[in-house]
Each structure stands twice: as structure tokens, then as C-alpha cells.
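Pasted below: my_file13.pdb, PDB, C-alpha atoms.
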MODEL        1
ATOM      1  CA  MET N  37       6.134   5.584  11.504
ATOM      2  CA  LYS N  38       3.574   2.847  11.623
ATOM      3  CA  ILE N  39       2.118   1.841   8.294
ATOM      4  CA  SER N  40      -1.634   1.438   8.573
ATOM      5  CA  GLU N  41      -3.339  -1.874   7.964
ATOM      6  CA  GLY N  42      -5.052  -0.177   5.016
ATOM      7  CA  VAL N  43      -1.819  -0.530   3.012
ATOM      8  CA  GLU N  44      -1.810  -4.284   3.594
ATOM      9  CA  TRP N  45      -5.513  -4.568   2.790
ATOM     10  CA  ALA N  46      -5.162  -2.529  -0.392
ATOM     11  CA  ALA N  47      -2.192  -4.538  -1.674
ATOM     12  CA  HIS N  48      -3.988  -7.840  -0.951
ATOM     13  CA  CYS N  49      -7.109  -6.623  -2.758
ATOM     14  CA  CYS N  50      -5.086  -5.709  -5.841
ATOM     15  CA  LEU N  51      -3.663  -9.240  -5.949
ATOM     16  CA  LEU N  52      -7.111 -10.684  -5.296
ATOM     17  CA  LEU N  53      -8.690  -8.739  -8.153
ATOM     18  CA  ASP N  54      -6.074 -10.104 -10.530
ATOM     19  CA  TRP N  55      -6.397 -13.689  -9.244
ATOM     20  CA  MET N  56     -10.157 -13.558  -9.613
ATOM     21  CA  GLY N  57      -9.743 -12.948 -13.330
ATOM     22  CA  VAL N  58     -13.150 -11.329 -13.804
ATOM     23  CA  ASP N  59     -13.803  -8.465 -16.179
ATOM     24  CA  ALA N  60     -16.585  -6.928 -14.110
ATOM     25  CA  PRO N  61     -16.379  -4.766 -10.991
ATOM     26  CA  VAL N  62     -16.119  -6.704  -7.739
ATOM     27  CA  SER N  63     -18.146  -5.377  -4.816
ATOM     28  CA  THR N  64     -16.459  -4.297  -1.622
ATOM     29  CA  ALA N  65     -18.567  -6.841   0.260
ATOM     30  CA  ARG N  66     -17.154  -9.686  -1.877
ATOM     31  CA  LEU N  67     -13.592  -8.460  -1.539
ATOM     32  CA  ALA N  68     -14.002  -8.023   2.208
ATOM     33  CA  ALA N  69     -15.543 -11.492   2.616
ATOM     34  CA  GLY N  70     -12.375 -13.115   1.276
ATOM     35  CA  TYR N  71     -10.330 -11.690   4.127
ATOM     36  CA  GLY N  72     -12.994 -11.390   6.823
ATOM     37  CA  LEU N  73     -12.743  -7.591   6.777
ATOM     38  CA  PRO N  74     -15.432  -4.992   7.467
ATOM     39  CA  PRO N  75     -16.713  -3.868   4.027
ATOM     40  CA  ALA N  76     -17.255  -0.214   4.962
ATOM     41  CA  TYR N  77     -13.723   0.179   6.256
ATOM     42  CA  LEU N  78     -12.239  -1.704   3.286
ATOM     43  CA  ASN N  79     -14.166   0.570   0.927
ATOM     44  CA  LYS N  80     -12.641   3.581   2.685
ATOM     45  CA  GLN N  81      -9.160   2.095   2.168
ATOM     46  CA  LEU N  82      -9.717   1.348  -1.527
ATOM     47  CA  GLN N  83     -11.006   4.804  -2.489
ATOM     48  CA  PRO N  84      -7.490   6.349  -2.441
ATOM     49  CA  LEU N  85      -6.391   3.640  -4.903
ATOM     50  CA  VAL N  86      -9.046   4.897  -7.296
ATOM     51  CA  LYS N  87      -7.793   8.458  -6.879
ATOM     52  CA  ALA N  88      -4.226   7.234  -7.554
ATOM     53  CA  GLY N  89      -5.279   5.436 -10.756
ATOM     54  CA  ILE N  90      -4.559   1.956  -9.380
ATOM     55  CA  LEU N  91      -8.215   0.861  -9.290
ATOM     56  CA  THR N  92     -11.373   1.988 -11.004
ATOM     57  CA  SER N  93     -14.684   2.201  -9.202
ATOM     58  CA  THR N  94     -18.188   1.712 -10.515
ATOM     59  CA  ALA N  95     -21.165   2.900  -8.475
ATOM     60  CA  GLY N  96     -24.489   1.134  -8.159
ATOM     61  CA  LYS N  97     -25.906  -2.279  -7.405
ATOM     62  CA  LYS N  98     -23.548  -4.033  -9.830
ATOM     63  CA  GLY N  99     -20.690  -1.711  -8.949
ATOM     64  CA  GLY N 100     -17.409  -2.296  -7.252
ATOM     65  CA  PHE N 101     -13.697  -2.187  -7.978
ATOM     66  CA  ARG N 102     -11.399  -3.472 -10.670
ATOM     67  CA  LEU N 103      -7.740  -2.952 -11.487
ATOM     68  CA  ALA N 104      -7.034   0.121 -13.602
ATOM     69  CA  LYS N 105      -3.714  -1.325 -14.799
ATOM     70  CA  GLY N 106      -1.705  -4.508 -14.640
ATOM     71  CA  LEU N 107       0.089  -5.616 -11.493
ATOM     72  CA  LYS N 108       3.450  -5.175 -13.230
ATOM     73  CA  ASP N 109       2.684  -1.449 -13.359
ATOM     74  CA  ILE N 110       1.758  -1.124  -9.666
ATOM     75  CA  THR N 111       4.445  -0.986  -6.978
ATOM     76  CA  LEU N 112       4.314  -1.240  -3.219
ATOM     77  CA  MET N 113       5.362   2.422  -3.176
ATOM     78  CA  ASP N 114       2.308   3.295  -5.297
ATOM     79  CA  VAL N 115       0.016   1.559  -2.799
ATOM     80  CA  LEU N 116       1.774   3.034   0.239
ATOM     81  CA  THR N 117       1.665   6.555  -1.168
ATOM     82  CA  ALA N 118      -1.995   6.224  -2.179
ATOM     83  CA  ILE N 119      -3.022   5.141   1.323
ATOM     84  CA  GLU N 120      -0.566   6.999   3.583
ATOM     85  CA  GLY N 121       0.264  10.028   1.429
ATOM     86  CA  PRO N 122       3.676  11.221   0.278
ATOM     87  CA  ALA N 123       4.891  12.782   3.539
ATOM     88  CA  GLU N 124       8.302  11.740   4.783
ATOM     89  CA  ALA N 125       8.364   9.538   7.872
ATOM     90  CA  PHE N 126      11.107  11.471   9.678
ATOM     91  CA  GLN N 127      10.734  15.159  10.430
ATOM     92  CA  CYS N 128      13.796  16.756  11.995
ATOM     93  CA  ALA N 129      12.832  19.190  14.770
ATOM     94  CA  GLU N 130      16.355  20.659  14.941
ATOM     95  CA  ILE N 131      16.577  20.060  18.701
ATOM     96  CA  ARG N 132      20.328  20.620  18.456
ATOM     97  CA  GLN N 133      19.539  24.352  18.396
ATOM     98  CA  HIS N 134      18.055  24.248  21.916
ATOM     99  CA  GLY N 135      19.291  23.545  25.428
ATOM    100  CA  VAL N 136      23.091  23.501  25.715
ATOM    101  CA  TRP N 137      23.467  24.961  22.219
ATOM    102  CA  GLY N 138      20.564  27.413  22.393
ATOM    103  CA  ASP N 139      22.868  30.440  22.538
ATOM    104  CA  GLU N 140      24.918  29.455  19.498
ATOM    105  CA  PRO N 141      24.590  31.667  16.410
ATOM    106  CA  ALA N 142      22.557  30.364  13.469
ATOM    107  CA  SER N 143      25.810  29.998  11.539
ATOM    108  CA  ALA N 144      26.753  27.107  13.864
ATOM    109  CA  PHE N 145      23.922  25.072  12.348
ATOM    110  CA  ARG N 146      24.525  25.653   8.624
ATOM    111  CA  ALA N 147      25.487  22.024   8.059
ATOM    112  CA  PRO N 148      22.562  19.648   7.998
ATOM    113  CA  CYS N 149      21.893  17.703  11.171
ATOM    114  CA  ALA N 150      23.754  14.384  10.933
ATOM    115  CA  ILE N 151      20.764  12.478  12.305
ATOM    116  CA  ASP N 152      18.445  14.121   9.785
ATOM    117  CA  THR N 153      20.855  13.271   6.954
ATOM    118  CA  ALA N 154      21.096   9.629   8.052
ATOM    119  CA  MET N 155      17.335   9.244   8.502
ATOM    120  CA  ARG N 156      16.522  10.835   5.134
ATOM    121  CA  GLY N 157      19.071   8.609   3.414
ATOM    122  CA  ALA N 158      17.635   5.490   5.008
ATOM    123  CA  GLU N 159      14.098   6.494   4.101
ATOM    124  CA  LEU N 160      15.126   7.187   0.512
ATOM    125  CA  GLU N 161      16.578   3.676   0.250
ATOM    126  CA  TRP N 162      13.420   2.212   1.773
ATOM    127  CA  ARG N 163      11.239   4.115  -0.699
ATOM    128  CA  ARG N 164      13.430   2.979  -3.603
ATOM    129  CA  ALA N 165      13.097  -0.629  -2.453
ATOM    130  CA  LEU N 166       9.292  -0.305  -2.293
ATOM    131  CA  ALA N 167       9.242   1.317  -5.744
ATOM    132  CA  ALA N 168      11.257  -1.611  -7.123
ATOM    133  CA  GLN N 169       8.681  -4.160  -5.872
ATOM    134  CA  SER N 170       5.879  -4.620  -8.385
ATOM    135  CA  LEU N 171       2.708  -6.322  -7.263
ATOM    136  CA  ALA N 172       3.284  -8.786 -10.129
ATOM    137  CA  ALA N 173       6.563  -9.890  -8.518
ATOM    138  CA  ILE N 174       4.860 -10.188  -5.136
ATOM    139  CA  GLN N 175       2.048 -12.194  -6.717
ATOM    140  CA  GLN N 176       4.602 -14.517  -8.306
ATOM    141  CA  ASN N 177       6.265 -15.075  -4.922
ATOM    142  CA  ALA N 178       2.893 -15.771  -3.295
ATOM    143  CA  GLU N 179       2.103 -18.352  -5.979
ATOM    144  CA  LEU N 180       5.481 -20.025  -5.437
ATOM    145  CA  GLN N 181       4.622 -20.332  -1.740
ATOM    146  CA  ALA N 182       1.118 -21.604  -2.470
ATOM    147  CA  PRO N 183       1.016 -23.119  -5.993
ATOM    148  CA  ASN N 184      -2.787 -23.542  -6.041
ATOM    149  CA  LEU N 185      -3.534 -20.041  -4.792
ATOM    150  CA  ARG N 186      -5.008 -18.642  -8.017
ATOM    151  CA  THR N 187      -7.280 -21.670  -8.411
ATOM    152  CA  GLN N 188      -8.332 -21.545  -4.752
ATOM    153  CA  VAL N 189      -9.255 -17.868  -5.067
ATOM    154  CA  GLN N 190     -11.238 -18.432  -8.245
ATOM    155  CA  GLU N 191     -13.103 -21.406  -6.769
ATOM    156  CA  TRP N 192     -13.884 -19.587  -3.512
ATOM    157  CA  TYR N 193     -15.220 -16.522  -5.316
ATOM    158  CA  ARG N 194     -17.264 -18.593  -7.765
ATOM    159  CA  GLU N 195     -19.503 -19.617  -4.850
ATOM    160  CA  PRO N 196     -22.419 -17.254  -4.132
ATOM    161  CA  ARG N 197     -21.326 -14.894  -1.379
ATOM    162  CA  PRO N 198     -22.020 -11.232  -0.592
TER     163      PRO N 198
ENDMDL
END
Do you think you could lay out the structure here as C-alpha cells?
Amino acid sequence: MKISEGVEWAAHCCLLLDWMGVDAPVSTARLAAGYGLPPAYLNKQLQPLVKAGILTSTAGKKGGFRLAKGLKDITLMDVLTAIEGPAEAFQCAEIRQHGVWGDEPASAFRAPCAIDTAMRGAELEWRRALAAQSLAAIQQNAELQAPNLRTQVQEWYREPRP
């Protein structure tokens, strides 16, 4: 499973909206300018966040996006699921029932496939880890790495841009 770049873009935009500290909607063009992204494609990636209740969207000339809730209440799993959907990454095709074992009775395959069991367990742990990572914690780590980040964002976005 490859996670689309839309997940990365969406998570960054959530952090950006918080760092900006504005109480008005921020246009897709302004959000996109901060990362050098195509606005139309970014807008397409942010719409599922609105549907998931992570962002709100306002239409019109002064429209745009804003956070619907605080970063402490948004997890990486929330963002991933909003963009990629809830489907599991691994889908067992039960190939053990073909080829050499194709003539075996169905009763020979009552126990779950060991590979399927291992993959589902690993994915469950991965999903739990993503659900345990709030965007607030990620933001805190980013600010530890770059102590002036919030100020830099606010200064950059104060300048007239799209």
C-alpha cells in the first residue's frame, strides 16, 4: 500500500492552519502557496477533511478552510482515513486453496491463513500507532526541531500573497 501524497499535504495544512492563528477561512491558493502546491489539487485533497469533520469550508470570494476542531483532537489515523478511506491495506486472496492444494476439501482451510493473520495483526498495530499520534503532538515535535516555525509561518502569511 502506498499512501498518497494527499495525506501528507492534508496533515501539513492542518498544522499550517493552526500556526497561522487566524479566525477566518484561508483560501486554498494561500495554503498551496506556502508549500508550492497546485491549488486545485490541494483543494481536492482537503475536501475529504471537511467531510470527516476535521476542517470546515466556506464558499465564495472570502472563502476557504479552517480547522473544525483542535489539533489535539485530530490524529494521523483521522487524516489517513479521510483521504485514503477505511479499507484495509492487505486483502488475502486465499491462494493456498489453489495449485498444489486445489483438490483439498474446504475443511482443510478452516483455520485462518497464517499470512493473513500476521498481516492483519501488523496493520492493526500500525493503525493503533497512527491513532495515538495527535497532530498537536506532531506540531510540538516540529516546533522543537524548528523553534521559530510558528513565527515564520505567521510572518510569511502576513505578506500579501494569493
I'd like to know which of N:Thr153, N:Gln81, N:Gln175, N:Ser143 is closest to Gly106 (chain N), using all atoms listed in the file.
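For Gly106 (chain N), the nearest of the candidates is N:Gln175.
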Name the residues in contact with Val115 (chain N) at a cut-off of 8 Å, using only C-alpha atoms, excluding same-chain residues fewer than 5 positions from it; report them as a PyMOL selection string.
chain N and resi 43+46-47+85+110
Would you mind listing what lies within 12 Å of Gly57 (chain N) as an MDAnalysis selection string, with all atoms listed in the file counted and same-chain residues fewer than 2 positions away left out?
chainID N and resid 50:55 59:62 102:103 106 186:187 189:191 193:194
Explicit residue set for the PyMOL selection byres ((chain N and resi 99) around 9), as JSON, numbers by chain:
{"N": [60, 61, 62, 63, 64, 93, 94, 95, 96, 97, 98, 100, 101]}
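Taken over the whole file, the PyMOL selection byres ((chain N and resi 170) around 8) covers exactly N:Leu107, N:Lys108, N:Asp109, N:Ile110, N:Thr111, N:Leu112, N:Ala167, N:Ala168, N:Gln169, N:Leu171, N:Ala172, N:Ala173, N:Ile174.
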Calculated over all atoms listed in the file, which of the candidates N:Arg156, N:Gln188, N:Gln176, N:Trp162 has the smallest distance to Leu116 (chain N)?
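Smallest distance to Leu116 (chain N) is found for N:Trp162.
Here CA of Leu185 (chain N) stands at a distance of 26.8 Å from CA of Pro84 (chain N).
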